[in-house]
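Data block below; observations after.
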Amino acid sequence: MTAVVFIHGTGVREPGFSALAGRFSVGVTELRGGLRVVPYYWGGEHGATLAAGGASLPPVSGRSRGPSAPDADDDGTAAWAALYADPYAELALAASGSAAAAELPPGSLPPDQHLRARLAALAAEGDAPAADLGPGLARAAAGLAAHPLLGAAAEALAPDDLPGLAARSLTAQVVAGALDSDAPLVPVGATRDAVTDRLARALGAPARGTERGVRSLALRVAGSAASRAIVRRRRALTEAAHPAAGDVLRYLSRGDAVRAGLRALLAGLEPPVAVVAHSLGGIIALDTLVLTPLPQVRLLVTAGSQGPFLYESGSLPSLEHPAPLPDHFPDWLNLYDPRDLLSYLGAGLFPGRVTDVAVDSRQPFPAAHSAYWTNPAVYRHIVDRLP
């Protein structure tokens with residue numbers, strides 16, 4: 001029986017780790033039965049803590065203004081990045097284009113009344129309609145139903161466009177909530193789009209109506225929204241706040257204990273063994289397997305790993321460039337998302353020893369860094385290489 005050891009990345013703590021490890025176990029065993037999934041949770045014992053309660057962290061405040069809008073990419077990723085930064089940006093832009101309010105004819109209803117009623121009904125359903133994205137839908141729907149700009153946006157938009165805009169706002173609020181809470185699982189773009197389409201239909205849109213306008217409206221505000229995102233997402237964008245940055249710094253300065261724990265775990269497993277590791281977990285696994293011959297480990301899989309970058313920059317604890325990987329090192333599959341700015345390539349550094357494979361979550365950074373474990377392609381690549 002193949003044992004698959006799963007190692008998490010920076011900033012993951014309970015109960016997030018159990019949810020993450022459970023999702024990984026389901027994803028890999030659905031494609032191949034008979035696997036033994038063994039989680040290695042190092043965050044509780046070896047993760048960083050702030051002894052003074054975070055006294056060293058500056059407050060996140062203010063608004064940033066500046067850079068021009070990023071280039072639009074083919075699948076709307078830049079638009080979603082703008083909406084994650086400000087889920088009401090598209091609503092505000094539509095409202096800004098409305099004409100001056102006119103008196104309604106007797107007996108007619110405001111153009112936003114039906115949508116407000118549908119939003120209230122959606123809020124009453126709780127978070128279930130967007131459960132694939134995470135919690136927060138009910139709160140988002142209730143807030144949007146009461147938003148003062150909804151009426152002006154309804155005046156400016158065609159009736160079929162308003163539900164799609166509202167659905168994108170709701171989806172962006174839920175995903176933004178996951179990012180703000182450093183959730184270890186972020187859905188891939190296909191899941192996000194499917195939920196958005198479902199919400200739009202619930203709000204009265206025709207089929208496939210949710211894709212209209214995501215580029216034409218949201219991308220026009222991507223510049224200002226992206227600059228605000230730098231402030232709101234400082235923790236995820238730079239890993240400059242606890243616990244993520246603390247985990248990295250603690251490992252690089254005092255990594256012996258976490259490597260020893262992994263080494264003991266691997267040594268006690270019957271072959272064949274595969275190690276699957278995310279982010280900092282990949283660095284921990286890489287160092288452990290470089291420093292210690294563990295012949296039962298036949299495969300290392302890293303996802304969103306900075307190991308190659310640390311090696312090339314002279315910062316990897318176990319191996320200094322240009323030294324090659326030792327002969328005892330196992331096969332290495334390195335999965336990276338081109339939009340994940342924390343993922344790096346290894347094949348050019350270790351010719352013939354690393355296979356780099358691109359996977360696309362269709363999520364902007366930093367969501368892309370946490371979306372590997374909701375991407376079906378990731379599991380297919382892993383299972384295809386398992387011993």
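Ligands are numbered from 1 in the order shown, residues from 1 within each chain, and chains are lettered A, B, ... in the order they appear in the structure tokens.
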Residue neighbourhood segment 265-282 of chain A, 6 Å, only C-alpha atoms, exclusion window fewer than 2 positions, as a list in words: Thr2, Ala3, Val4, Val5, Phe6, Ile7, His8, Gly9, Thr10, Leu262, Arg263, Ile284, Ala285, Leu286, Gln296, Val297, Arg298, Leu299, Leu300, Val301, Thr302, Ala303, Gly304 and Ser305 of chain A
One-decimal distance in Å that lies between atom CA of Gly22 of chain A and atom CA of Val37 of chain A: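 So the answer is 9.5 Å.
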Which of A:Ala368, A:Val28, A:Leu319, A:Leu289 sits closest to Val175 of chain A [using only C-alpha atoms]: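 For Val175 of chain A, the nearest of the candidates is A:Ala368.
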Taking a cut-off of 7 Å and counting only C-alpha atoms, can you build a table that, for each residue of segment 106-190 of chain A near segment 372-386 of chain A, reports the nearest atom pair and how far apart they are in Å (one decimal), sorted by chain then residue number, as a Markdown table?
```
| residue | atom | partner | partner_atom | distance |
| --- | --- | --- | --- | --- |
| A:Leu185 | CA | A:Trp373 | CA | 6.8 |
| A:Val186 | CA | A:Thr374 | CA | 7.0 |
| A:Pro187 | CA | A:Thr374 | CA | 5.5 |
| A:Val188 | CA | A:Asn375 | CA | 5.9 |
```
Create the file for the chosen residues now, containing N, CA and C atoms and written as a PDB file, in the first residue's frame.
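Saved to out03.pdb:
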```pdb
ATOM      1  N   LEU A 185      -7.793  26.847   2.050  1.00  0.00           N
ATOM      2  CA  LEU A 185      -8.388  26.363   0.811  1.00  0.00           C
ATOM      3  C   LEU A 185      -9.112  27.506   0.122  1.00  0.00           C
ATOM      4  N   VAL A 186      -8.763  27.763  -1.131  1.00  0.00           N
ATOM      5  CA  VAL A 186      -9.460  28.741  -1.953  1.00  0.00           C
ATOM      6  C   VAL A 186      -9.907  28.020  -3.222  1.00  0.00           C
ATOM      7  N   PRO A 187     -11.165  28.183  -3.639  1.00  0.00           N
ATOM      8  CA  PRO A 187     -11.658  27.443  -4.802  1.00  0.00           C
ATOM      9  C   PRO A 187     -10.979  27.888  -6.095  1.00  0.00           C
ATOM     10  N   VAL A 188     -10.906  26.981  -7.051  1.00  0.00           N
ATOM     11  CA  VAL A 188     -10.372  27.321  -8.366  1.00  0.00           C
ATOM     12  C   VAL A 188     -11.401  28.158  -9.122  1.00  0.00           C
TER      13      VAL A 188
END
```
d(atom CA of Val359 of chain A, atom CA of Gly189 of chain A) in Å: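 Atom-to-atom, atom CA of Val359 of chain A to atom CA of Gly189 of chain A, that is 12.0 Å.
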Å distance separating atom CA of Pro317 of chain A from atom CA of Ser56 of chain A, one decimal place: 26.3 Å
Shell around Arg198 of chain A at 12 Å using only C-alpha atoms, local window under 6 positions removed, as a list in words: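 In the requested format, the answer is Leu122, Ala128, Pro129, Ala130, Ala131, Asp132, Pro163, Gly164, Ala166, Ala167, Arg168, Leu170, Thr171, Thr191, Arg192, Gly204, Ala205, Pro206, Ala207, Arg208, Gly209, Thr210 and Glu211 of chain A.
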Name the residues in contact with Asp340 of chain A at a cut-off of 12 Å, using only C-alpha atoms, excluding same-chain residues fewer than 2 positions from it; report them as a compact mmCIF listing (two decimals) with N, CA and C atoms, in the first residue's frame.
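Writing done, so here's out-v4.txt:
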```txt
# COMPACT_ATOMS: atom_id res chain seq x y z
N ALA A 236 -1.22 38.35 2.80
CA ALA A 236 -1.09 37.28 1.84
C ALA A 236 -0.10 37.63 0.74
N LEU A 237 -0.08 38.88 0.30
CA LEU A 237 0.78 39.25 -0.82
C LEU A 237 2.25 39.14 -0.49
N SER A 279 4.06 24.83 -0.45
CA SER A 279 4.71 26.06 -0.01
C SER A 279 5.91 25.75 0.91
N ALA A 303 4.02 21.74 -4.41
CA ALA A 303 3.05 22.63 -5.05
C ALA A 303 3.25 24.03 -4.49
N GLY A 304 3.37 25.01 -5.36
CA GLY A 304 3.60 26.37 -4.90
C GLY A 304 4.84 26.48 -4.04
N SER A 305 5.93 25.89 -4.48
CA SER A 305 7.12 25.79 -3.63
C SER A 305 8.14 26.88 -3.94
N GLN A 306 8.76 27.38 -2.88
CA GLN A 306 9.85 28.34 -3.03
C GLN A 306 11.22 27.67 -2.92
N LEU A 335 4.72 21.15 -9.03
CA LEU A 335 3.54 21.76 -9.61
C LEU A 335 3.55 23.25 -9.31
N TYR A 336 3.31 24.06 -10.33
CA TYR A 336 3.30 25.50 -10.13
C TYR A 336 2.15 26.12 -10.93
N ASP A 337 1.64 27.21 -10.41
CA ASP A 337 0.62 27.99 -11.11
C ASP A 337 1.29 29.26 -11.61
N PRO A 338 1.23 29.54 -12.91
CA PRO A 338 1.92 30.74 -13.42
C PRO A 338 1.47 32.03 -12.75
N LEU A 342 4.39 32.87 -5.63
CA LEU A 342 5.22 32.16 -4.67
C LEU A 342 5.56 30.75 -5.14
N SER A 343 5.42 30.49 -6.42
CA SER A 343 5.80 29.19 -6.97
C SER A 343 6.96 29.38 -7.94
N TYR A 344 7.88 28.41 -7.93
CA TYR A 344 9.11 28.52 -8.70
C TYR A 344 9.41 27.21 -9.42
N LEU A 345 10.33 27.28 -10.39
CA LEU A 345 10.67 26.15 -11.24
C LEU A 345 11.98 25.50 -10.79
N ALA A 358 2.84 22.87 -15.04
CA ALA A 358 1.98 24.02 -14.77
C ALA A 358 0.54 23.57 -14.54
N VAL A 359 -0.10 24.14 -13.55
CA VAL A 359 -1.53 23.96 -13.31
C VAL A 359 -2.16 25.34 -13.20
N ASP A 360 -3.39 25.47 -13.65
CA ASP A 360 -4.02 26.79 -13.70
C ASP A 360 -5.30 26.77 -12.89
N SER A 361 -5.32 27.50 -11.79
CA SER A 361 -6.52 27.58 -10.96
C SER A 361 -7.49 28.65 -11.46
N ARG A 362 -7.03 29.47 -12.38
CA ARG A 362 -7.81 30.62 -12.86
C ARG A 362 -8.19 31.54 -11.71
N GLN A 363 -7.29 31.65 -10.77
CA GLN A 363 -7.43 32.60 -9.67
C GLN A 363 -6.25 33.56 -9.70
N PRO A 364 -6.48 34.83 -9.37
CA PRO A 364 -5.37 35.77 -9.27
C PRO A 364 -4.57 35.51 -8.00
N PHE A 365 -3.36 36.04 -7.97
CA PHE A 365 -2.58 35.99 -6.74
C PHE A 365 -3.14 37.00 -5.75
N PRO A 366 -3.25 36.68 -4.46
CA PRO A 366 -2.70 35.52 -3.77
C PRO A 366 -3.60 34.30 -3.71
N ALA A 367 -4.85 34.41 -4.23
CA ALA A 367 -5.75 33.26 -4.16
C ALA A 367 -5.14 32.04 -4.84
N ALA A 368 -4.35 32.27 -5.91
CA ALA A 368 -3.75 31.15 -6.63
C ALA A 368 -2.84 30.30 -5.74
N HIS A 369 -2.23 30.92 -4.74
CA HIS A 369 -1.30 30.17 -3.88
C HIS A 369 -2.03 29.19 -2.97
N SER A 370 -3.31 29.41 -2.72
CA SER A 370 -4.08 28.52 -1.85
C SER A 370 -5.08 27.66 -2.60
N ALA A 371 -5.06 27.70 -3.94
CA ALA A 371 -6.08 27.01 -4.72
C ALA A 371 -5.63 25.66 -5.27
N TYR A 372 -4.43 25.23 -4.97
CA TYR A 372 -3.96 23.95 -5.53
C TYR A 372 -4.86 22.79 -5.12
```
